[in-house]
Amino acid sequence: MSGVAALGMAVVTGAQTAVGAAVAARLEAEGFEVMRVAADARDEAAMEAALGRVGARLVAVVNAGEGPVDTAFKATSGERFRAVWEAEVERVVLGTRAALRAFRNLGTGGAIVNLAGHGRGPAAAAAAGALDHFCRIAAVEAGGLAAPVRVTLARGGQGAAGLAALAAAAAYLAGPRGRMVTGVTVIAGEAR
């Protein structure tokens, strides 16, 4: 495909999940070459190894995974809170850290598009707030590299329409139309 070289390589973690598969397919349709990585984004060594094999024009898509659906505050146990936090926040933070190290080692700019769920309840709200702020802070650091890297977050993806919207948001943030966007969160979903 002639457009592949123009857009470069997208590395999608969590590619075995419904979210990862939908995003990988959309990025391919947009003209990216896609490397699907089944490794958990919390496995920083596996992340760095996959990203380090890519080279120039890299886009890292860190799939936060599909955490448990959250419940009302009075029904949210400490165990449930930790499960949501781990599924959403830890994967994004550790995956972004590994991706930034890979970008520094490669000496190239690019984009990190983080993906997270759009759950309800106190644990999901805490995770969403943490990720929003984390991506702003990471974007400042990444933008200061010799070869700047954009860092963004897309949230959403419930049901077929939600997955399609999340994949479209990820493609926008990863591609040339999103080249001036960094440090923001896009909430993808059906228009209501």
# chains A, B, ... in the order shown; residues from 1 in each chain; ligands from 1
>>> select_by_dssp(residues="chain A", states="helix (DSSP H, G or I)", output="PyMOL selection string")
chain A and resi 2-7+18-30+44-52+73-75+78-106+122-143+159-174+176-178
>>> residues_around(residues="Ala174 (chain A)", least_positions_apart="3", cutoff="9 Å", atoms="only C-alpha atoms", output="list in words")
Ala10, Leu27, Val59, Ala60, Val61, Gly110, Ala111, Ile112, Val113, Arg150, Thr152, Ala169, Ala170, Ala171, Arg177, Gly178 and Arg179 of chain A
>>> write_last_selection(atoms="C-alpha atoms", output="JSON list (two decimals), in the first residue's frame")
[["chain", "number", "residue", "atom", "x", "y", "z"],
["A", 10, "ALA", "CA", 1.22, 2.28, 14.49],
["A", 27, "LEU", "CA", -5.68, 2.67, 11.53],
["A", 59, "VAL", "CA", 2.57, 6.10, 16.57],
["A", 60, "ALA", "CA", 2.06, 4.20, 19.81],
["A", 61, "VAL", "CA", -1.52, 3.35, 20.71],
["A", 110, "GLY", "CA", 5.49, 10.92, 16.86],
["A", 111, "ALA", "CA", 2.31, 10.41, 18.80],
["A", 112, "ILE", "CA", 1.09, 8.40, 21.76],
["A", 113, "VAL", "CA", -2.65, 7.86, 21.67],
["A", 150, "ARG", "CA", 2.21, 14.31, 21.11],
["A", 152, "THR", "CA", -3.50, 12.32, 23.86],
["A", 169, "ALA", "CA", -11.06, 9.21, 17.44],
["A", 170, "ALA", "CA", -7.82, 7.22, 17.75],
["A", 171, "ALA", "CA", -7.23, 7.45, 13.98],
["A", 177, "ARG", "CA", -5.37, 15.70, 10.90],
["A", 178, "GLY", "CA", -4.48, 15.53, 14.61],
["A", 179, "ARG", "CA", -0.89, 16.76, 14.24]]
>>> select_by_dssp(residues="region 6-172 of chain A", states="strand (DSSP E or B)", output="PyMOL selection string")
chain A and resi 9-13+33-37+58-63+110-116+149-155
>>> closest_atom_pairs(of="region 83-135 of chain A", to="region 39-54 of chain A", cutoff="12 Å", atoms="only C-alpha atoms", output="tab-separated table")
residue	atom	partner	partner_atom	distance
A:Glu86	CA	A:Arg42	CA	9.2
A:Ala87	CA	A:Arg42	CA	9.5
A:Glu88	CA	A:Ala41	CA	10.4
A:Val89	CA	A:Arg42	CA	10.0
A:Glu90	CA	A:Arg42	CA	6.7
A:Arg91	CA	A:Arg42	CA	5.0
A:Val92	CA	A:Ala41	CA	7.1
A:Val93	CA	A:Arg42	CA	8.2
A:Leu94	CA	A:Arg42	CA	5.3
A:Gly95	CA	A:Ala41	CA	4.7
A:Thr96	CA	A:Ala41	CA	8.4
A:Arg97	CA	A:Glu44	CA	7.9
A:Ala98	CA	A:Glu44	CA	5.4
A:Ala99	CA	A:Glu48	CA	6.5
A:Leu100	CA	A:Glu48	CA	9.0
A:Arg101	CA	A:Glu48	CA	7.3
A:Ala102	CA	A:Gly52	CA	5.7
A:Phe103	CA	A:Gly52	CA	8.1
A:Arg104	CA	A:Gly52	CA	10.1
A:Asn105	CA	A:Gly52	CA	7.8
A:Leu106	CA	A:Gly52	CA	7.2
A:Gly107	CA	A:Gly52	CA	10.9
A:Thr108	CA	A:Val54	CA	10.9
A:Gly110	CA	A:Leu51	CA	11.7
A:Ile112	CA	A:Leu51	CA	11.3
A:Asn114	CA	A:Ala41	CA	10.5
A:Leu115	CA	A:Ala41	CA	11.2
>>> write_last_selection(atoms="N, CA and C atoms", output="mmCIF file, in the first residue's frame")
data_model
loop_
_atom_site.group_PDB
_atom_site.id
_atom_site.type_symbol
_atom_site.label_atom_id
_atom_site.label_comp_id
_atom_site.auth_asym_id
_atom_site.auth_seq_id
_atom_site.Cartn_x
_atom_site.Cartn_y
_atom_site.Cartn_z
ATOM 1 N N GLU A 86 -6.262 -0.259 38.142
ATOM 2 C CA GLU A 86 -5.221 -1.031 37.462
ATOM 3 C C GLU A 86 -5.528 -1.173 35.973
ATOM 4 N N ALA A 87 -6.761 -1.475 35.653
ATOM 5 C CA ALA A 87 -7.137 -1.684 34.251
ATOM 6 C C ALA A 87 -7.015 -0.400 33.438
ATOM 7 N N GLU A 88 -7.295 0.714 34.044
ATOM 8 C CA GLU A 88 -7.290 1.968 33.305
ATOM 9 C C GLU A 88 -5.994 2.773 33.507
ATOM 10 N N VAL A 89 -5.712 3.148 34.738
ATOM 11 C CA VAL A 89 -4.633 4.105 34.999
ATOM 12 C C VAL A 89 -3.246 3.476 34.868
ATOM 13 N N GLU A 90 -3.024 2.343 35.526
ATOM 14 C CA GLU A 90 -1.684 1.742 35.471
ATOM 15 C C GLU A 90 -1.246 1.443 34.045
ATOM 16 N N ARG A 91 -2.140 0.884 33.242
ATOM 17 C CA ARG A 91 -1.762 0.537 31.869
ATOM 18 C C ARG A 91 -1.377 1.770 31.069
ATOM 19 N N VAL A 92 -2.123 2.846 31.209
ATOM 20 C CA VAL A 92 -1.815 4.061 30.448
ATOM 21 C C VAL A 92 -0.503 4.681 30.926
ATOM 22 N N VAL A 93 -0.337 4.816 32.226
ATOM 23 C CA VAL A 93 0.876 5.450 32.750
ATOM 24 C C VAL A 93 2.123 4.636 32.386
ATOM 25 N N LEU A 94 2.098 3.342 32.641
ATOM 26 C CA LEU A 94 3.271 2.522 32.354
ATOM 27 C C LEU A 94 3.496 2.375 30.842
ATOM 28 N N GLY A 95 2.430 2.236 30.084
ATOM 29 C CA GLY A 95 2.561 2.151 28.628
ATOM 30 C C GLY A 95 3.111 3.433 28.028
ATOM 31 N N THR A 96 2.670 4.571 28.533
ATOM 32 C CA THR A 96 3.177 5.860 28.049
ATOM 33 C C THR A 96 4.645 6.021 28.410
ATOM 34 N N ARG A 97 5.004 5.623 29.607
ATOM 35 C CA ARG A 97 6.407 5.723 30.023
ATOM 36 C C ARG A 97 7.301 4.885 29.105
ATOM 37 N N ALA A 98 6.884 3.667 28.808
ATOM 38 C CA ALA A 98 7.657 2.797 27.910
ATOM 39 C C ALA A 98 7.730 3.399 26.507
ATOM 40 N N ALA A 99 6.620 3.949 26.026
ATOM 41 C CA ALA A 99 6.604 4.551 24.691
ATOM 42 C C ALA A 99 7.514 5.774 24.631
ATOM 43 N N LEU A 100 7.494 6.600 25.668
ATOM 44 C CA LEU A 100 8.374 7.780 25.671
ATOM 45 C C LEU A 100 9.846 7.382 25.679
ATOM 46 N N ARG A 101 10.190 6.330 26.417
ATOM 47 C CA ARG A 101 11.579 5.847 26.391
ATOM 48 C C ARG A 101 11.951 5.384 24.994
ATOM 49 N N ALA A 102 11.042 4.684 24.327
ATOM 50 C CA ALA A 102 11.312 4.220 22.961
ATOM 51 C C ALA A 102 11.498 5.403 22.016
ATOM 52 N N PHE A 103 10.653 6.419 22.130
ATOM 53 C CA PHE A 103 10.799 7.610 21.284
ATOM 54 C C PHE A 103 12.137 8.297 21.539
ATOM 55 N N ARG A 104 12.513 8.428 22.814
ATOM 56 C CA ARG A 104 13.815 9.042 23.133
ATOM 57 C C ARG A 104 14.953 8.244 22.507
ATOM 58 N N ASN A 105 14.906 6.918 22.634
ATOM 59 C CA ASN A 105 15.962 6.068 22.076
ATOM 60 C C ASN A 105 16.015 6.149 20.559
ATOM 61 N N LEU A 106 14.859 6.248 19.919
ATOM 62 C CA LEU A 106 14.810 6.338 18.459
ATOM 63 C C LEU A 106 15.209 7.725 17.958
ATOM 64 N N GLY A 107 15.009 8.735 18.816
ATOM 65 C CA GLY A 107 15.321 10.103 18.410
ATOM 66 C C GLY A 107 14.337 10.658 17.392
ATOM 67 N N THR A 108 13.133 10.088 17.367
ATOM 68 C CA THR A 108 12.112 10.557 16.438
ATOM 69 C C THR A 108 10.907 11.080 17.192
ATOM 70 N N GLY A 110 6.625 11.764 17.200
ATOM 71 C CA GLY A 110 5.493 10.920 16.863
ATOM 72 C C GLY A 110 4.320 11.218 17.769
ATOM 73 N N ILE A 112 1.577 9.447 20.870
ATOM 74 C CA ILE A 112 1.086 8.401 21.764
ATOM 75 C C ILE A 112 -0.397 8.682 21.939
ATOM 76 N N ASN A 114 -3.442 7.300 23.885
ATOM 77 C CA ASN A 114 -3.880 6.418 24.958
ATOM 78 C C ASN A 114 -5.379 6.195 24.844
ATOM 79 N N LEU A 115 -5.808 4.983 25.140
ATOM 80 C CA LEU A 115 -7.222 4.634 25.091
ATOM 81 C C LEU A 115 -7.674 4.169 26.456
#
>>> residues_around(residues="Val184 (chain A)", least_positions_apart="3", cutoff="7 Å", atoms="only C-alpha atoms", output="list in words")
Cys135, Arg136, Thr152 and Leu153 of chain A
>>> residues_around(residues="region 119-134 of chain A", least_positions_apart="6", cutoff="9 Å", atoms="only C-alpha atoms", output="number ranges by chain")
A: 67-73, 76, 80-85, 88-89, 92-93, 152-153, 155-156, 158, 183-185
>>> write_last_selection(atoms="N, CA and C atoms", output="compact mmCIF listing (two decimals), in the first residue's frame")
# COMPACT_ATOMS: atom_id res chain seq x y z
N GLY A 67 -11.60 -2.61 31.64
CA GLY A 67 -11.77 -2.83 33.06
C GLY A 67 -13.21 -3.17 33.42
N PRO A 68 -13.43 -3.64 34.64
CA PRO A 68 -14.77 -4.00 35.06
C PRO A 68 -15.68 -2.77 35.10
N VAL A 69 -16.95 -2.99 34.81
CA VAL A 69 -17.92 -1.90 34.87
C VAL A 69 -18.10 -1.50 36.33
N ASP A 70 -18.11 -0.23 36.58
CA ASP A 70 -18.17 0.27 37.95
C ASP A 70 -19.61 0.36 38.44
N THR A 71 -19.77 0.46 39.73
CA THR A 71 -21.09 0.52 40.35
C THR A 71 -21.20 1.77 41.21
N ALA A 72 -22.32 1.91 41.89
CA ALA A 72 -22.56 3.06 42.76
C ALA A 72 -21.51 3.11 43.88
N PHE A 73 -21.33 4.28 44.45
CA PHE A 73 -20.31 4.51 45.46
C PHE A 73 -20.43 3.54 46.63
N THR A 76 -19.04 0.12 45.82
CA THR A 76 -17.69 0.04 45.28
C THR A 76 -16.73 -0.38 46.38
N ARG A 80 -12.73 -3.62 44.00
CA ARG A 80 -13.28 -3.16 42.73
C ARG A 80 -12.59 -1.86 42.29
N PHE A 81 -12.38 -0.96 43.24
CA PHE A 81 -11.70 0.30 42.92
C PHE A 81 -10.30 0.01 42.36
N ARG A 82 -9.55 -0.87 43.03
CA ARG A 82 -8.20 -1.20 42.57
C ARG A 82 -8.21 -1.86 41.20
N ALA A 83 -9.21 -2.69 40.93
CA ALA A 83 -9.30 -3.36 39.62
C ALA A 83 -9.51 -2.35 38.51
N VAL A 84 -10.39 -1.38 38.73
CA VAL A 84 -10.62 -0.33 37.72
C VAL A 84 -9.37 0.52 37.57
N TRP A 85 -8.75 0.89 38.68
CA TRP A 85 -7.55 1.73 38.64
C TRP A 85 -6.44 1.03 37.86
N GLU A 88 -7.29 0.71 34.04
CA GLU A 88 -7.29 1.97 33.30
C GLU A 88 -5.99 2.77 33.51
N VAL A 89 -5.71 3.15 34.74
CA VAL A 89 -4.63 4.11 35.00
C VAL A 89 -3.25 3.48 34.87
N VAL A 92 -2.12 2.85 31.21
CA VAL A 92 -1.82 4.06 30.45
C VAL A 92 -0.50 4.68 30.93
N VAL A 93 -0.34 4.82 32.23
CA VAL A 93 0.88 5.45 32.75
C VAL A 93 2.12 4.64 32.39
N THR A 152 -2.06 12.06 23.77
CA THR A 152 -3.50 12.32 23.86
C THR A 152 -4.20 11.12 24.50
N LEU A 153 -5.47 11.31 24.79
CA LEU A 153 -6.29 10.26 25.39
C LEU A 153 -7.65 10.25 24.69
N ARG A 155 -11.41 8.32 25.11
CA ARG A 155 -12.20 7.47 26.00
C ARG A 155 -13.53 7.14 25.34
N GLY A 156 -14.07 5.99 25.67
CA GLY A 156 -15.37 5.59 25.14
C GLY A 156 -15.33 4.13 24.74
N GLN A 158 -18.29 1.77 24.12
CA GLN A 158 -19.26 0.77 24.55
C GLN A 158 -20.19 0.43 23.39
N GLY A 183 -2.13 16.73 24.55
CA GLY A 183 -2.55 17.04 25.91
C GLY A 183 -4.05 17.11 26.11
N VAL A 184 -4.83 16.52 25.20
CA VAL A 184 -6.28 16.60 25.32
C VAL A 184 -6.90 15.21 25.46
N THR A 185 -8.13 15.21 25.94
CA THR A 185 -8.92 14.00 26.00
C THR A 185 -10.12 14.16 25.06
>>> closest_residue(among="A:Gly31, A:Leu145, A:Val151, A:Val140", to="Leu173 (chain A)", atoms="only C-alpha atoms")
A:Val151
>>> residues_around(residues="Ala25 (chain A)", least_positions_apart="4", cutoff="9 Å", atoms="only C-alpha atoms", output="PDB file with C-alpha atoms, in the first residue's frame")
ATOM      1  CA  GLY A  20      -7.516  -2.941  20.241  1.00  0.00           C
ATOM      2  CA  ALA A  21      -8.801  -4.879  17.224  1.00  0.00           C
ATOM      3  CA  ALA A  29      -7.986   1.610   6.781  1.00  0.00           C
ATOM      4  CA  GLU A  30      -6.551   5.104   7.253  1.00  0.00           C
ATOM      5  CA  VAL A  34      -0.088  -1.678  12.103  1.00  0.00           C
ATOM      6  CA  ALA A 167     -11.461   3.841  16.684  1.00  0.00           C
TER       7      ALA A 167
END
>>> atom_distance(atom1="CA of Ala24 (chain A)", atom2="CA of Arg36 (chain A)")
7.2 Å
>>> atom_distance(atom1="CA of Leu163 (chain A)", atom2="CA of Ala22 (chain A)")
6.6 Å
>>> closest_residue(among="A:Pro176, A:Ala164, A:Ala139, A:Gln16", to="Phe32 (chain A)", atoms="only C-alpha atoms")
A:Pro176
